[in-house]
Amino acid sequence: MRFLELYKSIKNKTLIKKAILFMAFTLCIITPAQALFVSPPKDPMPIIKAIFPQATKISDKQGDPLIRTIYKNKKIIGYAFETNDVARAPAYSGEPVNVLVAINAKGVYLGAKVLEHHEPIILAGIPETKLFAFADQYKTLNVKDKIKVGGNKKDNIVHIDGLSGATVTVMVMNASITKAATKVGIALGLINKSQEIIQPMSTIYKDVFQKANWKTLLGDGSIKKLHLTRAQVDKAFIDTKAEHIEEATPEQKQDMFADIYFAEVDIPTIGKNLLGDSEYQWLMSTLKPGEHAIIVMGNGYSYKGSGYVRGGIFDRIQVLQNEEEITFHDLDHYRVTDLFIDGVPRFKEMSLFTVRAVHEFNPGVDWQLELLVRRQMGAIDSIFTSFKGDYTTLTKYVDRPPVIIPEPELTLAQQIWQEKNTQVVILTILMVVLIITLFFQDILVKHPTFLHNFRHSYLIITVVFIGWTWGGQLSVVNVFTFLQAFMSHFSWDLFLLDPVIFMLWGAAAVTALLWGRAVYCGWLCPFGALQELLNVFARYIKIPQLELPWAIHERLWAIKYLILLALFGLSLDSLAAAEKFAETEPFKTTFLLKFDREWPFILYAVALLVINLFKRKFFCRYLCPLGAALSISNSFRLFSWLRRRPECGQPCKTCAKECEIQAIDPDGNINMRECHYCLDCQVTYFDEKKCPPLKKLARKKQKYKESEIPAVNVG
C-alpha cells in the first residue's frame, strides 16, 4: 500500500515531463564523454617489420604528409603511413578507423593493417578478423588505382569485396586509404597531380606523307634540337663538388658542348624522309603493336656513353612522358649509318631507340628527351645534372581524341546515396504514403477491413525491406552517436553515410514533432512490425493472450525508462560500456546480422519474439530504450488527432479493453507515450455497431424516427 501511495504521489504528468526535460537538458550540457573504445591502438613498428622483413632501418614519421621510409641498407624499399595522419575520415561510430598502409618503392600496396577502430558494429557482431581480411584485399594493388567497394566491374576501377553488416565502415576505410595513398603518391612522385585529366591514346596517320628536306622538318618542329654550350653546362654544376672539374676557359664558354637532334621516327613524313622508304619499312616491321621509335642524332658530348657496352643500359639518355621515365637497353637500340634527307648535317652518332609497349607511350602527348651530363669525382664517384628538350607531335601527324576531363569526384556520402538511389526512392514513397494515411485517417478508419489489410501489408514491407533487406533499424546507439558528434565536432557527413538510417531518423523526427513517437514505433520500426505481425498470426491460430492487471502493466512501463536512464548514465563514464549494454535491443541480432552470431544473443532475441506471441509487443511496451527516448517528443507534439468522447473511460471502456497494447488509461485518455498509432481505437470510435455512445445515439434516432411515423387509418 505504501508503494502504491508513493507511486500515485509522483504520477503527476507535469512532474514527469519536467523530469524528462531536465534529464535531456542535463545530457546535452555534459562534458563530452570519452571516445568509443573498441580496438586498442596497436604499435605499428612490429607490423612494419613483418611486412618488410628485409628492412635494416625504419625512419620516424616525417614530411608532409607524414611518412615512414623503409630502407634495406641505403636503398629505399618502401614506405608506410597511417590514414589518421594523412586522410582522417570519421566512420560509422563518429571516430576514424586508423589503418597502417605499406607500399613498395613503386607504389604497390604490400599491406593494409587496422591499427585502431571504434566501430560498435564490429564489436557487437562481426569478428575483427573480417575487418582485417577486408584490409588484406589491397595487397598487390597500386596507389594509382581507383578502388571501389562492391559494385559491377567498370573500366579503370578496381572493385574489392565489401563486408556485410559493416558497409559504411568499409566504405569509409576505403575512402580514407585511397585518399591517403593518393596524397602520399603525389608527394613521392608516384602519381602525377594532373593525372586526373585523361588523354586517350593517339593514333599516327599511317597514310599521311609529304616529301620534305631537313630544313623543312627542323623548321616546322618535326625534328627538335637540344643545343648546349659549355657555359650552360658549367652553370649547372655551380655549388657542387664538380663545379671546377672540366670547366671551360673564358674563351671556350660559348663553344658547343652538345648538339642533339631527336624526333618520332615512326611518323611517315619524318621516318621516310630521314631513313628512306626501304629502311622505314624495315623499321616498321620490327615494331610490335603499341611500340614506337625515336631517332636521336648528336655531335659533341656523346649521348650513348659507355654504359650500354658494359651493362647494356644507356645511362645518359631517357625519355620522359607523364612523369614516367623511359630508359633504353642495348636491345632497344639500332645504329643508323646514313640519312637520305637533303640538307642533313653530319653527325658523330645516330641511333634508333624502340619505346616498348609496356611504357604505354602516347604519340599525341608531349614528351621530353633528357640528357644526363656526368662529371667524374674519382674512379667511382661522379655527379651528374640533366638537360631536357621538349617535343610536341604536330597535329597533322596524329589523330588526337579529345581530352577526357572526369566529372568532379563525388564525396563519399554522395557516392553512397547514388548507389542506394533505389532504396531512397522506395523509402520516400513509403513515407509519403504514411503521411497521406495520417492526414486521411478519419476516412480510412471507416473502412476497417481495408485499413487492417493496408496496415498489415505496410508492416510486412517494413520488416522485409526496411529491416532485413536494408538494415534500417534505428537504435538508441544512434542517439549516443548523435550526442557524441553534437558535443565534439558535429558534421552532417557522418549521418549522411547511411541513407536509410538518415531518412528514418528524419521521418521519426518529423512525425514525433507532429504526432508524437507513436508513428515511428507503430509503422516504421522493423522489430515492432515483426512483433505485431507475429502476434496477429498467434491470435489467428488461437494462441491464448496474457493480459496483465492494469496496476502491474502500468508499473512495467517504467522499466524501459529506467533502462534508458541507466544507459545514459553509463555513457557518461564509458560509451564503450553503454554500447555493450545497449544490446538490450535485439535489433542488431534480428536484422543486421540475421541471427548469425553467438547463441546468447540469438536466444535473447528469440525469447522476446516467443513472449510476444502471448503478449503483443512485449519488448516495445516494457523494455525498449529507443521508444523511451522518442517518447520525450510527446511533450512537444503539435497535433492530437486521435478522437475521444466525454463518455470514453466513464462509463465506456470499450476502446481501453480492445487496445492490444493497453495504451488507453482507465479514465479513457490515450497515453501517447505508449500509443503505437494502430488506429484500432479510431475504428471503434466511428463504428456505430461497436461504440456504445454511438449505439445509444443510434437507438435514440431510431425511436425518434418511429415516433414520427403517422398512424395508418385502417377504417
# chains A, B, ... in the order shown; residues from 1 in each chain; ligands from 1
call {"tool": "select_by_dssp", "arguments": {"residues": "stretch 319-540 of chain A", "states": "strand (DSSP E)", "output": "ChimeraX atom specification"}}
result
/A:319-321,324-329,333-335,349-355,367-376,382-391,398-399
call {"tool": "residues_around", "arguments": {"residues": "A:Pro345", "least_positions_apart": "4", "cutoff": "12 Å", "atoms": "only C-alpha atoms", "output": "JSON, numbers by chain"}}
result
{"A": [213, 214, 215, 218, 259, 260, 261, 274, 297, 298, 299, 338, 339, 340, 341, 349, 350]}
call {"tool": "write_last_selection", "arguments": {"atoms": "C-alpha atoms", "output": "short mmCIF file (atom, residue, chain, number, x, y, z; two decimals), in the first residue's frame"}}
result
data_model
loop_
_atom_site.label_atom_id
_atom_site.label_comp_id
_atom_site.auth_asym_id
_atom_site.auth_seq_id
_atom_site.Cartn_x
_atom_site.Cartn_y
_atom_site.Cartn_z
CA ASN A 213 64.07 18.29 -96.63
CA TRP A 214 65.99 18.71 -93.37
CA LYS A 215 65.38 22.44 -93.14
CA LEU A 218 63.52 21.24 -88.47
CA ASP A 259 74.01 19.28 -80.33
CA ILE A 260 71.29 16.66 -80.01
CA TYR A 261 68.50 16.29 -82.57
CA LEU A 274 65.14 10.59 -92.90
CA MET A 297 71.38 12.27 -83.67
CA GLY A 298 74.21 14.09 -81.98
CA ASN A 299 77.54 15.87 -82.07
CA ASP A 338 73.28 7.04 -93.07
CA LEU A 339 70.43 9.51 -93.61
CA PHE A 340 68.81 10.12 -97.01
CA ILE A 341 67.21 13.52 -96.48
CA GLU A 349 76.29 9.47 -83.52
CA MET A 350 72.90 8.43 -84.90
#
call {"tool": "atom_distance", "arguments": {"atom1": "atom CA of A:Lys703", "atom2": "atom CA of A:Ala656"}}
result
29.2 Å
call {"tool": "residues_around", "arguments": {"residues": "stretch 280-293 of chain A", "least_positions_apart": "4", "cutoff": "12 Å", "atoms": "only C-alpha atoms", "output": "number ranges by chain"}}
result
A: 201-204, 206, 262-276, 319, 328, 331-336, 339-340, 351-364
call {"tool": "closest_residue", "arguments": {"among": "A:Lys139, A:Ile157, A:Tyr205, A:Glu324", "to": "A:Arg400", "atoms": "only C-alpha atoms"}}
result
A:Tyr205
call {"tool": "residues_around", "arguments": {"residues": "stretch 519-532 of chain A", "least_positions_apart": "6", "cutoff": "7 Å", "atoms": "only C-alpha atoms", "output": "list in words"}}
result
Leu459, Thr462, Val463, Ile466, Gly467, Gln473, Ala508, Thr511, Phe587, Leu609, Asn612, Arg616, Lys617, Cys620, His676, Tyr677 and Cys678 of chain A
call {"tool": "closest_residue", "arguments": {"among": "A:Ile186, A:Ala175, A:Ala605, A:Leu630", "to": "A:Lys144", "atoms": "only C-alpha atoms"}}
result
A:Ile186
call {"tool": "select_by_dssp", "arguments": {"residues": "stretch 293-456 of chain A", "states": "alpha helix (DSSP H)", "output": "MDAnalysis selection string"}}
result
chainID A and resid 307:311 412:419 421:439 441:444 448:456
call {"tool": "closest_residue", "arguments": {"among": "A:Arg230, A:Leu190, A:His447, A:Leu534", "to": "A:Glu325", "atoms": "only C-alpha atoms"}}
result
A:Leu190
call {"tool": "residues_around", "arguments": {"residues": "A:Ser59", "least_positions_apart": "4", "cutoff": "10 Å", "atoms": "only C-alpha atoms", "output": "list in words"}}
result
Ile67, Arg68, Thr69, Ile70, Tyr71, Tyr79 and Ala80 of chain A
call {"tool": "atom_distance", "arguments": {"atom1": "atom CA of A:Met503", "atom2": "atom CA of A:Thr589"}}
result
21.7 Å
call {"tool": "residues_around", "arguments": {"residues": "A:Val101", "least_positions_apart": "2", "cutoff": "7 Å", "atoms": "only C-alpha atoms", "output": "PyMOL selection string"}}
result
chain A and resi 80-82+99+103+111-113
call {"tool": "closest_residue", "arguments": {"among": "A:Tyr109, A:Phe480, A:Phe537, A:Phe384", "to": "A:Gly185", "atoms": "only C-alpha atoms"}}
result
A:Tyr109
call {"tool": "atom_distance", "arguments": {"atom1": "atom CA of A:Lys49", "atom2": "atom CA of A:Thr178"}}
result
22.5 Å
call {"tool": "closest_atom_pairs", "arguments": {"of": "stretch 601-692 of chain A", "to": "stretch 538-550 of chain A", "cutoff": "8 Å", "atoms": "only C-alpha atoms", "output": "tab-separated table"}}
result
residue	atom	partner	partner_atom	distance
A:Leu613	CA	A:Ala538	CA	5.6
A:Phe614	CA	A:Gln545	CA	4.6
A:Lys615	CA	A:Leu546	CA	5.5
call {"tool": "write_last_selection", "arguments": {"atoms": "C-alpha atoms", "output": "compact mmCIF listing (two decimals), in the first residue's frame"}}
result
# COMPACT_ATOMS: atom_id res chain seq x y z
CA LEU A 613 3.18 -14.49 -29.18
CA PHE A 614 1.40 -14.35 -25.82
CA LYS A 615 1.77 -10.64 -25.07
